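Visitor: Sharing a structure here in structure tokens format.
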Amino acid sequence: MINTTPAEPVMARTARRQALTWSLAMLLGCSAAYSQEALNMDGSAKDTLSTRQQAIVPIGAFAAAGDMASLNAALNRGLDAGLTISDIKEILVQLYAYAGFPRSLNALGEFMKTLETRKQRGIEDLPGSSPSRTIPQGDALLAAGTANQTRLSGAAVSGPLFDFAPAANEYLRTHLFGDIFERDNLDWQSRELATLGMLSALPGAEPQLQAHMRISMNVGLSAEQLQELPRALATHVDSAAASRAGDALARHLASLQGDRP
């Protein structure tokens with residue numbers, strides 16, 4: 001019997017082989033779309049939060065809420081996801097700027113218990129690193145904090161509130177944006193994710209939460225990544241925190257639309 005199926009043209013065969021090669025490259029992570037520029041440091045896509053980044057959010061939320069039992073579980077998940085001991089210590093020290101020293105100290109105490117329990121179980125957690133440079137003091141600290149605040153906010157920060165209480169902005173610049181944000185052993189994206197988790201857990205902090213949605217985008221987190229935040233909160237924290245985060249993000253994205261001509 002004669003085969004009446006026409007022979008596949010050479011160009012079509014070549015195109016088909018190229019398509020198959022492209023598909024295989026995609027599966028193997030070797031295509032240009034999955035080049036290093038399109039990936040986070042841990043290999044995850046840049047338009048999604050990595051497992052490590054997602055683990056930061058409930059740690060911040062439960063620490064700010066003072067829920068030690070839930071914080072314990074979140075700390076274990078975070079360590080298992082690759083957060084180092086120093087990463088989490090930085091997050092829990094930073095907490096004082098948003099929820100006060102009592103919550104910060106309680107959370108650090110809970111973290112010590114968590115580490116001791118894991119050690120007794122034979123788990124050796126990664127220690128992490130200390131800041132690579134000395135934190136400035138005095139006027140140099142205020143200058144560094146002011147520069148960090150401006151960079152994070154996208155413009156110099158001023159207004160009637162700080163005219164009314166200038167000490168508040170000085171404390172922000174020296175303590176938060178100086179003492180804390182000058183510590184380079186935790187990157188700014190991680191610090192902002194921790195802050196978003198903290199503020200999402202605090203009823204009444206919605207204006208600050210929306211402001212930190214803007215700051216998070218200023219330090220390189222994408223809208224797609226931030227859209228994962230309410231889902232992470234709904235899964236690991238509660239619906240109220242998720243709702244506050246979702247509303248704050250929606251308001252910020254709407255404000256960006258309003259800025260367009």
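By convention here, the chains of the structure tokens are called A, B, ... in the order presented, each chain's residues are numbered starting at 1, and ligands are numbered starting at 1 in the order presented.
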What's the 7 Å shell around segment 54-60 of chain A, counting only C-alpha atoms, without same-chain residues fewer than 2 positions away, as an MDAnalysis selection string?
Guide: chainID A and resid 49:52 62:64 71 74:75 77:78 81 193:195 197:198 232:233 236:237
Visitor: For those residues, write N, CA and C atoms to a file as a PDB file, in the first residue's frame.
Guide:
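See result.pdb below for the written result:
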ATOM      1  N   LEU A  49       6.674  35.307  45.630  1.00  0.00           N
ATOM      2  CA  LEU A  49       7.469  35.309  46.854  1.00  0.00           C
ATOM      3  C   LEU A  49       8.091  33.934  47.033  1.00  0.00           C
ATOM      4  N   SER A  50       9.352  33.898  47.398  1.00  0.00           N
ATOM      5  CA  SER A  50       9.993  32.624  47.671  1.00  0.00           C
ATOM      6  C   SER A  50       9.412  32.013  48.946  1.00  0.00           C
ATOM      7  N   THR A  51       9.683  30.739  49.168  1.00  0.00           N
ATOM      8  CA  THR A  51       9.227  30.073  50.393  1.00  0.00           C
ATOM      9  C   THR A  51       9.771  30.789  51.616  1.00  0.00           C
ATOM     10  N   ARG A  52      11.026  31.199  51.543  1.00  0.00           N
ATOM     11  CA  ARG A  52      11.642  31.925  52.651  1.00  0.00           C
ATOM     12  C   ARG A  52      10.923  33.249  52.902  1.00  0.00           C
ATOM     13  N   PHE A  62       2.345  37.287  63.948  1.00  0.00           N
ATOM     14  CA  PHE A  62       2.097  36.695  65.267  1.00  0.00           C
ATOM     15  C   PHE A  62       2.918  37.382  66.352  1.00  0.00           C
ATOM     16  N   ALA A  63       4.135  37.819  66.013  1.00  0.00           N
ATOM     17  CA  ALA A  63       4.939  38.540  66.992  1.00  0.00           C
ATOM     18  C   ALA A  63       4.280  39.858  67.359  1.00  0.00           C
ATOM     19  N   ALA A  64       3.766  40.580  66.361  1.00  0.00           N
ATOM     20  CA  ALA A  64       3.098  41.853  66.626  1.00  0.00           C
ATOM     21  C   ALA A  64       1.818  41.661  67.419  1.00  0.00           C
ATOM     22  N   LEU A  71       3.207  31.968  67.131  1.00  0.00           N
ATOM     23  CA  LEU A  71       4.533  32.417  66.738  1.00  0.00           C
ATOM     24  C   LEU A  71       5.512  31.248  66.761  1.00  0.00           C
ATOM     25  N   ALA A  74       5.171  29.383  63.652  1.00  0.00           N
ATOM     26  CA  ALA A  74       5.678  30.169  62.523  1.00  0.00           C
ATOM     27  C   ALA A  74       7.204  30.218  62.529  1.00  0.00           C
ATOM     28  N   LEU A  75       7.802  30.278  63.706  1.00  0.00           N
ATOM     29  CA  LEU A  75       9.256  30.278  63.802  1.00  0.00           C
ATOM     30  C   LEU A  75       9.835  28.960  63.284  1.00  0.00           C
ATOM     31  N   ARG A  77       8.425  26.955  61.101  1.00  0.00           N
ATOM     32  CA  ARG A  77       8.257  26.943  59.644  1.00  0.00           C
ATOM     33  C   ARG A  77       9.318  27.806  58.973  1.00  0.00           C
ATOM     34  N   GLY A  78       9.615  28.951  59.586  1.00  0.00           N
ATOM     35  CA  GLY A  78      10.600  29.848  59.008  1.00  0.00           C
ATOM     36  C   GLY A  78      11.992  29.247  58.984  1.00  0.00           C
ATOM     37  N   ALA A  81      12.211  26.709  56.418  1.00  0.00           N
ATOM     38  CA  ALA A  81      12.200  27.290  55.069  1.00  0.00           C
ATOM     39  C   ALA A  81      13.530  27.940  54.698  1.00  0.00           C
ATOM     40  N   LEU A 193       8.715  42.939  54.178  1.00  0.00           N
ATOM     41  CA  LEU A 193       7.735  41.863  54.317  1.00  0.00           C
ATOM     42  C   LEU A 193       7.405  41.623  55.786  1.00  0.00           C
ATOM     43  N   ALA A 194       8.428  41.689  56.644  1.00  0.00           N
ATOM     44  CA  ALA A 194       8.187  41.548  58.075  1.00  0.00           C
ATOM     45  C   ALA A 194       7.295  42.681  58.580  1.00  0.00           C
ATOM     46  N   THR A 195       7.574  43.898  58.122  1.00  0.00           N
ATOM     47  CA  THR A 195       6.775  45.058  58.533  1.00  0.00           C
ATOM     48  C   THR A 195       5.328  44.918  58.073  1.00  0.00           C
ATOM     49  N   GLY A 197       3.708  42.171  57.553  1.00  0.00           N
ATOM     50  CA  GLY A 197       3.088  41.181  58.422  1.00  0.00           C
ATOM     51  C   GLY A 197       2.707  41.779  59.757  1.00  0.00           C
ATOM     52  N   MET A 198       3.599  42.567  60.335  1.00  0.00           N
ATOM     53  CA  MET A 198       3.334  43.191  61.628  1.00  0.00           C
ATOM     54  C   MET A 198       2.139  44.132  61.566  1.00  0.00           C
ATOM     55  N   ALA A 232      -1.127  34.589  51.914  1.00  0.00           N
ATOM     56  CA  ALA A 232      -0.287  34.002  52.960  1.00  0.00           C
ATOM     57  C   ALA A 232      -0.873  34.267  54.340  1.00  0.00           C
ATOM     58  N   LEU A 233      -1.394  35.465  54.537  1.00  0.00           N
ATOM     59  CA  LEU A 233      -1.997  35.802  55.825  1.00  0.00           C
ATOM     60  C   LEU A 233      -3.275  34.996  56.055  1.00  0.00           C
ATOM     61  N   HIS A 236      -2.072  31.337  56.907  1.00  0.00           N
ATOM     62  CA  HIS A 236      -1.277  31.075  58.100  1.00  0.00           C
ATOM     63  C   HIS A 236      -1.641  31.930  59.312  1.00  0.00           C
ATOM     64  N   VAL A 237      -2.376  33.028  59.113  1.00  0.00           N
ATOM     65  CA  VAL A 237      -2.676  33.925  60.242  1.00  0.00           C
ATOM     66  C   VAL A 237      -4.180  33.985  60.451  1.00  0.00           C
TER      67      VAL A 237
END
Visitor: Which residues, written as a PyMOL selection string, have at least one atom at most 12 Å from Ala156 of chain A, with only C-alpha atoms counted and residues fewer than 4 positions away on the same chain left out?
Guide: chain A and resi 145-152+169+173
Visitor: For the residues in the current selection, export N, CA, C and O atoms as a PDB file, in the first residue's frame.
Guide:
ATOM      1  N   GLY A 145      20.291  57.583  58.481  1.00  0.00           N
ATOM      2  CA  GLY A 145      18.876  57.255  58.619  1.00  0.00           C
ATOM      3  C   GLY A 145      17.997  58.119  57.737  1.00  0.00           C
ATOM      4  O   GLY A 145      17.015  57.627  57.154  1.00  0.00           O
ATOM      5  N   THR A 146      18.339  59.384  57.612  1.00  0.00           N
ATOM      6  CA  THR A 146      17.575  60.285  56.741  1.00  0.00           C
ATOM      7  C   THR A 146      17.692  59.850  55.285  1.00  0.00           C
ATOM      8  O   THR A 146      16.708  59.838  54.536  1.00  0.00           O
ATOM      9  N   ALA A 147      18.907  59.462  54.885  1.00  0.00           N
ATOM     10  CA  ALA A 147      19.113  58.985  53.507  1.00  0.00           C
ATOM     11  C   ALA A 147      18.334  57.697  53.265  1.00  0.00           C
ATOM     12  O   ALA A 147      17.708  57.531  52.203  1.00  0.00           O
ATOM     13  N   ASN A 148      18.346  56.791  54.234  1.00  0.00           N
ATOM     14  CA  ASN A 148      17.590  55.538  54.088  1.00  0.00           C
ATOM     15  C   ASN A 148      16.098  55.809  54.017  1.00  0.00           C
ATOM     16  O   ASN A 148      15.377  55.207  53.204  1.00  0.00           O
ATOM     17  N   GLN A 149      15.601  56.691  54.879  1.00  0.00           N
ATOM     18  CA  GLN A 149      14.177  57.028  54.876  1.00  0.00           C
ATOM     19  C   GLN A 149      13.754  57.611  53.531  1.00  0.00           C
ATOM     20  O   GLN A 149      12.702  57.239  52.981  1.00  0.00           O
ATOM     21  N   THR A 150      14.569  58.492  52.982  1.00  0.00           N
ATOM     22  CA  THR A 150      14.261  59.119  51.694  1.00  0.00           C
ATOM     23  C   THR A 150      14.249  58.085  50.577  1.00  0.00           C
ATOM     24  O   THR A 150      13.354  58.077  49.721  1.00  0.00           O
ATOM     25  N   ARG A 151      15.240  57.189  50.602  1.00  0.00           N
ATOM     26  CA  ARG A 151      15.317  56.154  49.571  1.00  0.00           C
ATOM     27  C   ARG A 151      14.126  55.206  49.668  1.00  0.00           C
ATOM     28  O   ARG A 151      13.514  54.847  48.651  1.00  0.00           O
ATOM     29  N   LEU A 152      13.776  54.799  50.865  1.00  0.00           N
ATOM     30  CA  LEU A 152      12.657  53.867  51.047  1.00  0.00           C
ATOM     31  C   LEU A 152      11.320  54.508  50.670  1.00  0.00           C
ATOM     32  O   LEU A 152      10.475  53.878  50.026  1.00  0.00           O
ATOM     33  N   ASN A 169       9.879  62.278  63.983  1.00  0.00           N
ATOM     34  CA  ASN A 169      10.614  61.989  62.755  1.00  0.00           C
ATOM     35  C   ASN A 169      12.099  61.787  63.045  1.00  0.00           C
ATOM     36  O   ASN A 169      12.763  60.964  62.399  1.00  0.00           O
ATOM     37  N   ARG A 173      14.181  58.476  62.026  1.00  0.00           N
ATOM     38  CA  ARG A 173      15.401  58.537  61.231  1.00  0.00           C
ATOM     39  C   ARG A 173      16.592  57.896  61.946  1.00  0.00           C
ATOM     40  O   ARG A 173      17.398  57.213  61.320  1.00  0.00           O
TER      41      ARG A 173
END
Visitor: Applying 9 Å and only C-alpha atoms, which residues near Thr114 of chain A remain after dropping the ones on its own chain fewer than 6 positions away? List them as an mmCIF file with C-alpha atoms, in the first residue's frame.
Guide:
data_model
loop_
_atom_site.group_PDB
_atom_site.id
_atom_site.type_symbol
_atom_site.label_atom_id
_atom_site.label_comp_id
_atom_site.auth_asym_id
_atom_site.auth_seq_id
_atom_site.Cartn_x
_atom_site.Cartn_y
_atom_site.Cartn_z
ATOM 1 C CA ASN A 72 6.288 29.236 67.861
ATOM 2 C CA ALA A 73 4.816 27.317 64.919
ATOM 3 C CA LEU A 75 9.256 30.278 63.802
ATOM 4 C CA ASN A 76 9.664 26.558 63.170
#
Visitor: Using only C-alpha atoms, which protein or nucleic acid residues come within 12 Å of His212 of chain A? Drop anything in the same chain fewer than 6 positions from it, and give the result as a list in words.
Guide: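 Returned residues: Tyr98, Gln149, Leu152, Ser153, Gly154, Trp188, Gln189, Arg191, Glu192, Leu193, Ala194, Thr195, Leu196, Gly197, Met198, Leu199, Ser200, Ala205, Glu206, Asn218, Val219, Leu221, Leu226, Ala245, Ala248, Leu249, Arg251 and His252 of chain A.
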Visitor: Would you pick out the contacts of Ala254 of chain A at 12 Å or less, using only C-alpha atoms, so that residues sharing its chain but fewer than 4 positions from it are not included, and give the list as a count of residues only?
Guide: 11
Visitor: So which one's closest to Ile135 of chain A, A:Glu228, A:Asp184, A:Glu170, A:Glu90? Using only C-alpha atoms, please.
Guide: A:Asp184
